[in-house]
file work11.cif (mmCIF, N, CA and C atoms)
data_model
loop_
_atom_site.label_atom_id
_atom_site.label_comp_id
_atom_site.auth_asym_id
_atom_site.auth_seq_id
_atom_site.Cartn_x
_atom_site.Cartn_y
_atom_site.Cartn_z
N MET V 1 41.63 47.25 94.49
CA MET V 1 41.37 48.67 94.46
C MET V 1 41.05 49.10 93.04
N HIS V 2 40.12 49.98 92.93
CA HIS V 2 39.78 50.50 91.62
C HIS V 2 40.04 51.99 91.61
N TYR V 3 40.78 52.43 90.63
CA TYR V 3 41.09 53.84 90.52
C TYR V 3 40.42 54.39 89.27
N SER V 4 39.90 55.57 89.40
CA SER V 4 39.29 56.21 88.23
C SER V 4 40.42 56.69 87.32
N HIS V 5 40.06 57.26 86.23
CA HIS V 5 41.05 57.72 85.26
C HIS V 5 41.42 59.18 85.48
N ASN V 6 41.41 59.60 86.72
CA ASN V 6 41.81 60.94 87.07
C ASN V 6 43.33 61.05 86.88
N PRO V 7 43.81 61.96 86.04
CA PRO V 7 45.25 62.06 85.78
C PRO V 7 46.08 62.30 87.05
N GLN V 8 45.55 63.06 87.99
CA GLN V 8 46.31 63.33 89.21
C GLN V 8 46.47 62.07 90.04
N GLU V 9 45.45 61.23 90.12
CA GLU V 9 45.55 59.97 90.86
C GLU V 9 46.56 59.03 90.20
N ILE V 10 46.52 58.98 88.89
CA ILE V 10 47.48 58.13 88.16
C ILE V 10 48.89 58.63 88.38
N GLN V 11 49.08 59.94 88.34
CA GLN V 11 50.40 60.51 88.59
C GLN V 11 50.88 60.18 90.00
N ASN V 12 49.97 60.27 90.97
CA ASN V 12 50.34 59.94 92.35
C ASN V 12 50.74 58.48 92.49
N LEU V 13 50.04 57.59 91.80
CA LEU V 13 50.38 56.17 91.85
C LEU V 13 51.76 55.91 91.25
N HIS V 14 52.05 56.54 90.12
CA HIS V 14 53.37 56.36 89.50
C HIS V 14 54.48 56.91 90.40
N GLU V 15 54.19 58.02 91.06
CA GLU V 15 55.17 58.61 91.98
C GLU V 15 55.43 57.66 93.16
N LYS V 16 54.38 57.03 93.66
CA LYS V 16 54.54 56.08 94.76
C LYS V 16 55.38 54.88 94.33
N ILE V 17 55.13 54.38 93.12
CA ILE V 17 55.91 53.26 92.60
C ILE V 17 57.38 53.66 92.45
N ARG V 18 57.62 54.86 91.94
CA ARG V 18 58.99 55.35 91.76
C ARG V 18 59.72 55.45 93.11
N ARG V 19 59.04 56.01 94.11
CA ARG V 19 59.65 56.13 95.44
C ARG V 19 59.91 54.76 96.06
N THR V 20 59.01 53.80 95.83
CA THR V 20 59.18 52.45 96.37
C THR V 20 60.39 51.77 95.76
N ARG V 21 60.57 51.90 94.44
CA ARG V 21 61.74 51.32 93.78
C ARG V 21 63.03 51.95 94.29
N LYS V 22 63.01 53.28 94.44
CA LYS V 22 64.20 53.98 94.90
C LYS V 22 64.55 53.56 96.32
N LEU V 23 63.57 53.45 97.19
CA LEU V 23 63.80 53.04 98.56
C LEU V 23 64.36 51.62 98.62
N PHE V 24 63.80 50.73 97.80
CA PHE V 24 64.31 49.36 97.75
C PHE V 24 65.77 49.33 97.32
N ALA V 25 66.12 50.12 96.29
CA ALA V 25 67.50 50.15 95.80
C ALA V 25 68.44 50.65 96.89
N HIS V 26 68.03 51.70 97.60
CA HIS V 26 68.90 52.25 98.64
C HIS V 26 69.08 51.27 99.80
N LYS V 27 67.98 50.69 100.26
CA LYS V 27 68.06 49.76 101.39
C LYS V 27 68.88 48.51 101.03
N THR V 28 68.65 47.99 99.82
CA THR V 28 69.35 46.79 99.40
C THR V 28 70.84 47.05 99.22
N SER V 29 71.19 48.17 98.59
CA SER V 29 72.61 48.47 98.39
C SER V 29 73.31 48.71 99.72
N THR V 30 72.66 49.38 100.64
CA THR V 30 73.25 49.59 101.96
C THR V 30 73.48 48.27 102.68
N TYR V 31 72.47 47.41 102.66
CA TYR V 31 72.57 46.10 103.31
C TYR V 31 73.71 45.27 102.71
N LEU V 32 73.77 45.21 101.39
CA LEU V 32 74.79 44.39 100.73
C LEU V 32 76.20 44.87 101.03
N LEU V 33 76.40 46.19 100.97
CA LEU V 33 77.75 46.71 101.22
C LEU V 33 78.15 46.60 102.69
N ARG V 34 77.20 46.76 103.60
CA ARG V 34 77.53 46.61 105.02
C ARG V 34 77.79 45.15 105.37
N THR V 35 77.05 44.25 104.75
CA THR V 35 77.17 42.83 105.07
C THR V 35 78.42 42.22 104.45
N TYR V 36 78.66 42.53 103.17
CA TYR V 36 79.73 41.84 102.45
C TYR V 36 80.95 42.71 102.18
N GLY V 37 80.79 44.00 102.06
CA GLY V 37 81.94 44.88 101.84
C GLY V 37 82.47 44.86 100.41
N THR V 38 82.61 43.69 99.85
CA THR V 38 83.10 43.55 98.48
C THR V 38 82.03 42.86 97.64
N LEU V 39 81.68 43.46 96.54
CA LEU V 39 80.66 42.90 95.65
C LEU V 39 81.18 42.85 94.23
N ALA V 40 80.74 41.87 93.49
CA ALA V 40 81.05 41.77 92.06
C ALA V 40 79.74 41.85 91.30
N ILE V 41 79.70 42.74 90.33
CA ILE V 41 78.50 42.92 89.52
C ILE V 41 78.85 42.61 88.08
N LYS V 42 78.04 41.80 87.45
CA LYS V 42 78.24 41.50 86.05
C LYS V 42 77.80 42.70 85.23
N ASP V 43 78.57 43.04 84.22
CA ASP V 43 78.26 44.18 83.37
C ASP V 43 77.13 43.80 82.42
N LEU V 44 75.91 44.10 82.81
CA LEU V 44 74.75 43.75 82.00
C LEU V 44 74.44 44.87 81.02
N LYS V 45 74.12 44.50 79.82
CA LYS V 45 73.69 45.47 78.81
C LYS V 45 72.16 45.54 78.86
N LEU V 46 71.65 46.32 79.80
CA LEU V 46 70.21 46.37 80.03
C LEU V 46 69.45 46.87 78.80
N ALA V 47 70.01 47.83 78.10
CA ALA V 47 69.33 48.34 76.91
C ALA V 47 69.20 47.26 75.84
N SER V 48 70.23 46.46 75.68
CA SER V 48 70.18 45.37 74.70
C SER V 48 69.23 44.26 75.16
N MET V 49 69.21 44.03 76.46
CA MET V 49 68.37 42.95 76.98
C MET V 49 66.89 43.28 76.88
N THR V 50 66.55 44.55 76.89
CA THR V 50 65.14 44.93 76.86
C THR V 50 64.69 45.39 75.47
N ARG V 51 65.54 45.24 74.48
CA ARG V 51 65.18 45.61 73.11
C ARG V 51 64.21 44.58 72.54
N ARG V 52 63.30 45.02 71.71
CA ARG V 52 62.33 44.09 71.12
C ARG V 52 63.03 43.17 70.12
N PRO V 53 62.53 41.94 69.97
CA PRO V 53 63.19 40.99 69.07
C PRO V 53 63.00 41.38 67.61
N LYS V 54 64.00 41.08 66.81
CA LYS V 54 63.91 41.38 65.38
C LYS V 54 63.01 40.36 64.70
N PRO V 55 62.29 40.79 63.68
CA PRO V 55 61.44 39.84 62.95
C PRO V 55 62.29 38.82 62.20
N LYS V 56 61.79 37.59 62.12
CA LYS V 56 62.49 36.51 61.42
C LYS V 56 61.75 36.22 60.13
N PRO V 57 62.33 36.57 58.99
CA PRO V 57 61.65 36.29 57.73
C PRO V 57 61.59 34.78 57.45
N ALA V 58 60.52 34.37 56.81
CA ALA V 58 60.37 32.96 56.45
C ALA V 58 61.44 32.59 55.42
N GLU V 59 61.93 31.36 55.51
CA GLU V 59 63.00 30.92 54.63
C GLU V 59 62.51 30.62 53.22
N ASP V 60 61.20 30.47 53.04
CA ASP V 60 60.70 30.12 51.71
C ASP V 60 60.55 31.34 50.81
N GLY V 61 60.85 32.54 51.30
CA GLY V 61 60.81 33.73 50.48
C GLY V 61 59.40 34.22 50.19
N SER V 62 58.42 33.82 50.98
CA SER V 62 57.03 34.21 50.72
C SER V 62 56.70 35.60 51.24
N GLY V 63 57.62 36.25 51.94
CA GLY V 63 57.37 37.58 52.48
C GLY V 63 56.70 37.55 53.84
N THR V 64 56.46 36.36 54.38
CA THR V 64 55.87 36.26 55.71
C THR V 64 56.99 36.13 56.75
N PHE V 65 56.60 36.16 57.99
CA PHE V 65 57.57 36.10 59.07
C PHE V 65 57.26 34.93 60.00
N LEU V 66 58.31 34.37 60.60
CA LEU V 66 58.16 33.29 61.57
C LEU V 66 57.87 33.88 62.94
N LEU V 67 57.37 33.05 63.83
CA LEU V 67 57.14 33.49 65.20
C LEU V 67 58.48 33.77 65.86
N ASN V 68 58.56 34.87 66.59
CA ASN V 68 59.82 35.23 67.24
C ASN V 68 59.67 35.42 68.75
N GLN V 69 58.61 34.90 69.33
CA GLN V 69 58.39 34.97 70.77
C GLN V 69 58.36 36.40 71.29
N ALA V 70 57.79 37.31 70.49
CA ALA V 70 57.76 38.73 70.87
C ALA V 70 56.92 38.96 72.12
N ALA V 71 55.82 38.23 72.29
CA ALA V 71 54.98 38.43 73.46
C ALA V 71 55.71 38.01 74.73
N ALA V 72 56.42 36.90 74.68
CA ALA V 72 57.19 36.44 75.85
C ALA V 72 58.31 37.43 76.15
N LYS V 73 58.97 37.93 75.13
CA LYS V 73 60.05 38.89 75.32
C LYS V 73 59.50 40.19 75.89
N GLY V 74 58.32 40.59 75.45
CA GLY V 74 57.71 41.80 75.98
C GLY V 74 57.42 41.68 77.46
N GLY V 75 56.94 40.51 77.89
CA GLY V 75 56.70 40.29 79.31
C GLY V 75 57.98 40.33 80.11
N LEU V 76 59.04 39.75 79.56
CA LEU V 76 60.34 39.78 80.23
C LEU V 76 60.86 41.21 80.31
N ASN V 77 60.68 41.98 79.24
CA ASN V 77 61.12 43.37 79.24
C ASN V 77 60.41 44.16 80.34
N ARG V 78 59.10 43.96 80.46
CA ARG V 78 58.34 44.69 81.49
C ARG V 78 58.82 44.31 82.88
N SER V 79 59.05 43.03 83.11
CA SER V 79 59.47 42.61 84.44
C SER V 79 60.88 43.11 84.76
N MET V 80 61.76 43.17 83.77
CA MET V 80 63.11 43.68 84.01
C MET V 80 63.06 45.18 84.29
N ALA V 81 62.23 45.89 83.56
CA ALA V 81 62.10 47.33 83.80
C ALA V 81 61.47 47.59 85.16
N ASP V 82 60.52 46.75 85.55
CA ASP V 82 59.83 46.91 86.82
C ASP V 82 60.75 46.61 87.99
N ALA V 83 61.71 45.73 87.80
CA ALA V 83 62.62 45.36 88.88
C ALA V 83 63.57 46.49 89.23
N GLY V 84 63.84 47.40 88.30
CA GLY V 84 64.72 48.52 88.57
C GLY V 84 66.17 48.11 88.74
N LEU V 85 66.65 47.19 87.90
CA LEU V 85 68.03 46.71 88.01
C LEU V 85 69.04 47.83 87.82
N GLY V 86 68.78 48.69 86.86
CA GLY V 86 69.71 49.79 86.59
C GLY V 86 69.84 50.72 87.79
N GLN V 87 68.72 50.99 88.43
CA GLN V 87 68.74 51.86 89.60
C GLN V 87 69.49 51.21 90.76
N LEU V 88 69.31 49.92 90.93
CA LEU V 88 70.03 49.20 91.99
C LEU V 88 71.53 49.22 91.73
N ILE V 89 71.94 49.01 90.50
CA ILE V 89 73.37 49.02 90.17
C ILE V 89 73.96 50.42 90.39
N ARG V 90 73.24 51.46 89.96
CA ARG V 90 73.72 52.83 90.19
C ARG V 90 73.86 53.13 91.68
N SER V 91 72.88 52.68 92.46
CA SER V 91 72.92 52.90 93.90
C SER V 91 74.10 52.16 94.53
N LEU V 92 74.35 50.93 94.09
CA LEU V 92 75.49 50.18 94.60
C LEU V 92 76.81 50.88 94.28
N LYS V 93 76.94 51.36 93.06
CA LYS V 93 78.18 52.04 92.66
C LYS V 93 78.40 53.31 93.48
N ARG V 94 77.33 54.08 93.65
CA ARG V 94 77.44 55.33 94.40
C ARG V 94 77.79 55.05 95.87
N ARG V 95 77.13 54.08 96.47
CA ARG V 95 77.38 53.78 97.89
C ARG V 95 78.76 53.16 98.09
N ALA V 96 79.21 52.34 97.16
CA ALA V 96 80.54 51.74 97.29
C ALA V 96 81.61 52.83 97.22
N LYS V 97 81.41 53.81 96.37
CA LYS V 97 82.37 54.89 96.24
C LYS V 97 82.40 55.76 97.51
N ASN V 98 81.22 56.05 98.04
CA ASN V 98 81.13 56.92 99.22
C ASN V 98 81.53 56.21 100.50
N ALA V 99 81.28 54.90 100.61
CA ALA V 99 81.54 54.19 101.85
C ALA V 99 82.84 53.39 101.82
N ALA V 100 83.66 53.62 100.85
CA ALA V 100 84.94 52.92 100.69
C ALA V 100 84.74 51.41 100.57
N GLY V 101 83.62 51.01 100.02
CA GLY V 101 83.41 49.59 99.73
C GLY V 101 84.08 49.25 98.41
N ILE V 102 84.20 47.99 98.13
CA ILE V 102 84.83 47.56 96.89
C ILE V 102 83.76 46.95 96.00
N LEU V 103 83.67 47.45 94.79
CA LEU V 103 82.69 46.98 93.83
C LEU V 103 83.41 46.60 92.55
N CYS V 104 83.37 45.34 92.18
CA CYS V 104 84.04 44.85 90.97
C CYS V 104 83.00 44.68 89.89
N GLY V 105 83.32 45.06 88.69
CA GLY V 105 82.41 44.79 87.58
C GLY V 105 82.04 45.98 86.80
#

call {"tool": "encode", "arguments": {"input": "work11.cif", "output": "C-alpha cells"}}
result
Amino acid sequence: MHYSHNPQEIQNLHEKIRRTRKLFAHKTSTYLLRTYGTLAIKDLKLASMTRRPKPKPAEDGSGTFLLNQAAAKGGLNRSMADAGLGQLIRSLKRRAKNAAGILCG
C-alpha cells in the first residue's frame, strides 16, 4: 500500500496502530489471567533498556570514538517500543487488581 503524505491519513494510520496495540494488550492480559490466575512479571527497566548507548572513547587518546553498536541498539529500541511491553504490563496489573488475580513482580 502506498500512502500519500496527507497529515490526516498519517494520523489515522497512527491511531489504528495505537488501537491495535491496546487491543492486543487487553486480549492477552485477559487470556493470561483467566488461564493461569497467577503470573510473575520481571521488573524490567524499559526506559533504561531503550536508552541510546553511550559513546566509547578510543583508548589511545586521539579524540575519536570506538564503534558502540548504536545502529543495532536503535533497531532493538524500535522493536521494543513497537511491541508495547509497558502497555501490556500496565494492562496485566490493572486486570489482576480488578479480577482478584495474583500478579508477582

call {"tool": "atom_distance", "arguments": {"input": "work11.cif", "atom1": "atom CA of Pro53 of chain V", "atom2": "atom CA of Phe65 of chain V"}}
result
12.5 Å

call {"tool": "closest_residue", "arguments": {"input": "work11.cif", "among": "V:Ala58, V:Ala71, V:Leu33, V:Ala47", "to": "Lys97 of chain V", "atoms": "only C-alpha atoms"}}
result
V:Leu33

call {"tool": "closest_residue", "arguments": {"input": "work11.cif", "among": "V:His5, V:Lys73, V:Arg34, V:Lys22", "to": "Ala100 of chain V", "atoms": "only C-alpha atoms"}}
result
V:Arg34

call {"tool": "closest_residue", "arguments": {"input": "work11.cif", "among": "V:Leu46, V:Leu103, V:Asn98, V:Thr30", "to": "Met80 of chain V", "atoms": "only C-alpha atoms"}}
result
V:Leu46

call {"tool": "resolve_selection", "arguments": {"input": "work11.cif", "expression": "the PyMOL selection byres (((chain V and resi 56 and name CA) around 10) and name CA)", "output": "PDB file with N, CA and C atoms, in the frame of the given file"}}
result
ATOM      1  N   PRO V  53      62.530  41.940  69.970  1.00  0.00           N
ATOM      2  CA  PRO V  53      63.190  40.990  69.070  1.00  0.00           C
ATOM      3  C   PRO V  53      63.000  41.380  67.610  1.00  0.00           C
ATOM      4  N   LYS V  54      64.000  41.080  66.810  1.00  0.00           N
ATOM      5  CA  LYS V  54      63.910  41.380  65.380  1.00  0.00           C
ATOM      6  C   LYS V  54      63.010  40.360  64.700  1.00  0.00           C
ATOM      7  N   PRO V  55      62.290  40.790  63.680  1.00  0.00           N
ATOM      8  CA  PRO V  55      61.440  39.840  62.950  1.00  0.00           C
ATOM      9  C   PRO V  55      62.290  38.820  62.200  1.00  0.00           C
ATOM     10  N   PRO V  57      62.330  36.570  58.990  1.00  0.00           N
ATOM     11  CA  PRO V  57      61.650  36.290  57.730  1.00  0.00           C
ATOM     12  C   PRO V  57      61.590  34.780  57.450  1.00  0.00           C
ATOM     13  N   ALA V  58      60.520  34.370  56.810  1.00  0.00           N
ATOM     14  CA  ALA V  58      60.370  32.960  56.450  1.00  0.00           C
ATOM     15  C   ALA V  58      61.440  32.590  55.420  1.00  0.00           C
ATOM     16  N   GLU V  59      61.930  31.360  55.510  1.00  0.00           N
ATOM     17  CA  GLU V  59      63.000  30.920  54.630  1.00  0.00           C
ATOM     18  C   GLU V  59      62.510  30.620  53.220  1.00  0.00           C
ATOM     19  N   THR V  64      56.460  36.360  54.380  1.00  0.00           N
ATOM     20  CA  THR V  64      55.870  36.260  55.710  1.00  0.00           C
ATOM     21  C   THR V  64      56.990  36.130  56.750  1.00  0.00           C
ATOM     22  N   PHE V  65      56.600  36.160  57.990  1.00  0.00           N
ATOM     23  CA  PHE V  65      57.570  36.100  59.070  1.00  0.00           C
ATOM     24  C   PHE V  65      57.260  34.930  60.000  1.00  0.00           C
ATOM     25  N   LEU V  66      58.310  34.370  60.600  1.00  0.00           N
ATOM     26  CA  LEU V  66      58.160  33.290  61.570  1.00  0.00           C
ATOM     27  C   LEU V  66      57.870  33.880  62.940  1.00  0.00           C
ATOM     28  N   LEU V  67      57.370  33.050  63.830  1.00  0.00           N
ATOM     29  CA  LEU V  67      57.140  33.490  65.200  1.00  0.00           C
ATOM     30  C   LEU V  67      58.480  33.770  65.860  1.00  0.00           C
ATOM     31  N   ASN V  68      58.560  34.870  66.590  1.00  0.00           N
ATOM     32  CA  ASN V  68      59.820  35.230  67.240  1.00  0.00           C
ATOM     33  C   ASN V  68      59.670  35.420  68.750  1.00  0.00           C
TER      34      ASN V  68
END

call {"tool": "atom_distance", "arguments": {"input": "work11.cif", "atom1": "atom C of Ile89 of chain V", "atom2": "atom CA of Gly37 of chain V"}}
result
15.0 Å

call {"tool": "atom_distance", "arguments": {"input": "work11.cif", "atom1": "atom N of Arg95 of chain V", "atom2": "atom CA of Glu15 of chain V"}}
result
22.9 Å

call {"tool": "select_by_dssp", "arguments": {"input": "work11.cif", "residues": "segment 30-68 of chain V", "states": "helix (DSSP H, G or I)", "output": "number ranges by chain"}}
result
V: 30-36, 46-49

call {"tool": "write_last_selection", "arguments": {"input": "work11.cif", "atoms": "N, CA and C atoms", "output": "tab-separated table (two decimals), in the frame of the given file"}}
result
chain	number	residue	atom	x	y	z
V	30	THR	N	72.66	49.38	100.64
V	30	THR	CA	73.25	49.59	101.96
V	30	THR	C	73.48	48.27	102.68
V	31	TYR	N	72.47	47.41	102.66
V	31	TYR	CA	72.57	46.10	103.31
V	31	TYR	C	73.71	45.27	102.71
V	32	LEU	N	73.77	45.21	101.39
V	32	LEU	CA	74.79	44.39	100.73
V	32	LEU	C	76.20	44.87	101.03
V	33	LEU	N	76.40	46.19	100.97
V	33	LEU	CA	77.75	46.71	101.22
V	33	LEU	C	78.15	46.60	102.69
V	34	ARG	N	77.20	46.76	103.60
V	34	ARG	CA	77.53	46.61	105.02
V	34	ARG	C	77.79	45.15	105.37
V	35	THR	N	77.05	44.25	104.75
V	35	THR	CA	77.17	42.83	105.07
V	35	THR	C	78.42	42.22	104.45
V	36	TYR	N	78.66	42.53	103.17
V	36	TYR	CA	79.73	41.84	102.45
V	36	TYR	C	80.95	42.71	102.18
V	46	LEU	N	71.65	46.32	79.80
V	46	LEU	CA	70.21	46.37	80.03
V	46	LEU	C	69.45	46.87	78.80
V	47	ALA	N	70.01	47.83	78.10
V	47	ALA	CA	69.33	48.34	76.91
V	47	ALA	C	69.20	47.26	75.84
V	48	SER	N	70.23	46.46	75.68
V	48	SER	CA	70.18	45.37	74.70
V	48	SER	C	69.23	44.26	75.16
V	49	MET	N	69.21	44.03	76.46
V	49	MET	CA	68.37	42.95	76.98
V	49	MET	C	66.89	43.28	76.88

call {"tool": "residues_around", "arguments": {"input": "work11.cif", "residues": "Asn77 of chain V", "least_positions_apart": "3", "cutoff": "7 Å", "atoms": "all atoms listed in the file", "output": "list of chain:residue names"}}
result
V:Met49, V:Thr50, V:Arg51, V:Ala72, V:Lys73, V:Gly74, V:Met80, V:Ala81, V:Asp82

call {"tool": "write_last_selection", "arguments": {"input": "work11.cif", "atoms": "N, CA and C atoms", "output": "PDB file, in the coordinates of the input"}}
result
ATOM      1  N   MET V  49      69.210  44.030  76.460  1.00  0.00           N
ATOM      2  CA  MET V  49      68.370  42.950  76.980  1.00  0.00           C
ATOM      3  C   MET V  49      66.890  43.280  76.880  1.00  0.00           C
ATOM      4  N   THR V  50      66.550  44.550  76.890  1.00  0.00           N
ATOM      5  CA  THR V  50      65.140  44.930  76.860  1.00  0.00           C
ATOM      6  C   THR V  50      64.690  45.390  75.470  1.00  0.00           C
ATOM      7  N   ARG V  51      65.540  45.240  74.480  1.00  0.00           N
ATOM      8  CA  ARG V  51      65.180  45.610  73.110  1.00  0.00           C
ATOM      9  C   ARG V  51      64.210  44.580  72.540  1.00  0.00           C
ATOM     10  N   ALA V  72      56.420  36.900  74.680  1.00  0.00           N
ATOM     11  CA  ALA V  72      57.190  36.440  75.850  1.00  0.00           C
ATOM     12  C   ALA V  72      58.310  37.430  76.150  1.00  0.00           C
ATOM     13  N   LYS V  73      58.970  37.930  75.130  1.00  0.00           N
ATOM     14  CA  LYS V  73      60.050  38.890  75.320  1.00  0.00           C
ATOM     15  C   LYS V  73      59.500  40.190  75.890  1.00  0.00           C
ATOM     16  N   GLY V  74      58.320  40.590  75.450  1.00  0.00           N
ATOM     17  CA  GLY V  74      57.710  41.800  75.980  1.00  0.00           C
ATOM     18  C   GLY V  74      57.420  41.680  77.460  1.00  0.00           C
ATOM     19  N   MET V  80      61.760  43.170  83.770  1.00  0.00           N
ATOM     20  CA  MET V  80      63.110  43.680  84.010  1.00  0.00           C
ATOM     21  C   MET V  80      63.060  45.180  84.290  1.00  0.00           C
ATOM     22  N   ALA V  81      62.230  45.890  83.560  1.00  0.00           N
ATOM     23  CA  ALA V  81      62.100  47.330  83.800  1.00  0.00           C
ATOM     24  C   ALA V  81      61.470  47.590  85.160  1.00  0.00           C
ATOM     25  N   ASP V  82      60.520  46.750  85.550  1.00  0.00           N
ATOM     26  CA  ASP V  82      59.830  46.910  86.820  1.00  0.00           C
ATOM     27  C   ASP V  82      60.750  46.610  87.990  1.00  0.00           C
TER      28      ASP V  82
END

call {"tool": "closest_residue", "arguments": {"input": "work11.cif", "among": "V:Lys27, V:Pro7, V:Lys45, V:Thr38", "to": "Gly86 of chain V", "atoms": "only C-alpha atoms"}}
result
V:Lys45

call {"tool": "decode", "arguments": {"input": "work11.cif", "residues": "segment 21-33 of chain V", "atoms": "N, CA, C and O atoms", "output": "PDB file, in the first residue's frame"}}
result
ATOM      1  N   ARG V  21      -2.433  -2.057  19.211  1.00  0.00           N
ATOM      2  CA  ARG V  21      -1.583  -2.404  20.356  1.00  0.00           C
ATOM      3  C   ARG V  21      -2.403  -2.521  21.629  1.00  0.00           C
ATOM      4  O   ARG V  21      -2.210  -3.426  22.446  1.00  0.00           O
ATOM      5  N   LYS V  22      -3.322  -1.570  21.820  1.00  0.00           N
ATOM      6  CA  LYS V  22      -4.145  -1.572  23.023  1.00  0.00           C
ATOM      7  C   LYS V  22      -5.035  -2.816  23.059  1.00  0.00           C
ATOM      8  O   LYS V  22      -5.159  -3.471  24.100  1.00  0.00           O
ATOM      9  N   LEU V  23      -5.631  -3.170  21.939  1.00  0.00           N
ATOM     10  CA  LEU V  23      -6.481  -4.347  21.865  1.00  0.00           C
ATOM     11  C   LEU V  23      -5.677  -5.615  22.157  1.00  0.00           C
ATOM     12  O   LEU V  23      -6.125  -6.499  22.889  1.00  0.00           O
ATOM     13  N   PHE V  24      -4.473  -5.698  21.591  1.00  0.00           N
ATOM     14  CA  PHE V  24      -3.616  -6.852  21.851  1.00  0.00           C
ATOM     15  C   PHE V  24      -3.294  -6.968  23.339  1.00  0.00           C
ATOM     16  O   PHE V  24      -3.347  -8.051  23.919  1.00  0.00           O
ATOM     17  N   ALA V  25      -2.964  -5.846  23.982  1.00  0.00           N
ATOM     18  CA  ALA V  25      -2.626  -5.864  25.411  1.00  0.00           C
ATOM     19  C   ALA V  25      -3.820  -6.331  26.234  1.00  0.00           C
ATOM     20  O   ALA V  25      -3.678  -7.150  27.153  1.00  0.00           O
ATOM     21  N   HIS V  26      -5.012  -5.839  25.900  1.00  0.00           N
ATOM     22  CA  HIS V  26      -6.193  -6.221  26.669  1.00  0.00           C
ATOM     23  C   HIS V  26      -6.533  -7.699  26.478  1.00  0.00           C
ATOM     24  O   HIS V  26      -6.813  -8.407  27.436  1.00  0.00           O
ATOM     25  N   LYS V  27      -6.514  -8.156  25.235  1.00  0.00           N
ATOM     26  CA  LYS V  27      -6.849  -9.558  24.971  1.00  0.00           C
ATOM     27  C   LYS V  27      -5.828 -10.512  25.602  1.00  0.00           C
ATOM     28  O   LYS V  27      -6.182 -11.529  26.193  1.00  0.00           O
ATOM     29  N   THR V  28      -4.548 -10.158  25.486  1.00  0.00           N
ATOM     30  CA  THR V  28      -3.501 -11.015  26.032  1.00  0.00           C
ATOM     31  C   THR V  28      -3.561 -11.060  27.553  1.00  0.00           C
ATOM     32  O   THR V  28      -3.445 -12.133  28.151  1.00  0.00           O
ATOM     33  N   SER V  29      -3.745  -9.906  28.187  1.00  0.00           N
ATOM     34  CA  SER V  29      -3.799  -9.892  29.650  1.00  0.00           C
ATOM     35  C   SER V  29      -5.016 -10.652  30.160  1.00  0.00           C
ATOM     36  O   SER V  29      -4.927 -11.396  31.142  1.00  0.00           O
ATOM     37  N   THR V  30      -6.146 -10.513  29.488  1.00  0.00           N
ATOM     38  CA  THR V  30      -7.340 -11.261  29.886  1.00  0.00           C
ATOM     39  C   THR V  30      -7.110 -12.761  29.753  1.00  0.00           C
ATOM     40  O   THR V  30      -7.418 -13.544  30.657  1.00  0.00           O
ATOM     41  N   TYR V  31      -6.551 -13.177  28.629  1.00  0.00           N
ATOM     42  CA  TYR V  31      -6.281 -14.595  28.396  1.00  0.00           C
ATOM     43  C   TYR V  31      -5.326 -15.163  29.447  1.00  0.00           C
ATOM     44  O   TYR V  31      -5.569 -16.226  30.016  1.00  0.00           O
ATOM     45  N   LEU V  32      -4.241 -14.452  29.714  1.00  0.00           N
ATOM     46  CA  LEU V  32      -3.242 -14.947  30.669  1.00  0.00           C
ATOM     47  C   LEU V  32      -3.816 -15.084  32.071  1.00  0.00           C
ATOM     48  O   LEU V  32      -3.579 -16.085  32.757  1.00  0.00           O
ATOM     49  N   LEU V  33      -4.570 -14.075  32.507  1.00  0.00           N
ATOM     50  CA  LEU V  33      -5.113 -14.139  33.868  1.00  0.00           C
ATOM     51  C   LEU V  33      -6.228 -15.178  33.996  1.00  0.00           C
ATOM     52  O   LEU V  33      -6.351 -15.831  35.028  1.00  0.00           O
TER      53      LEU V  33
END
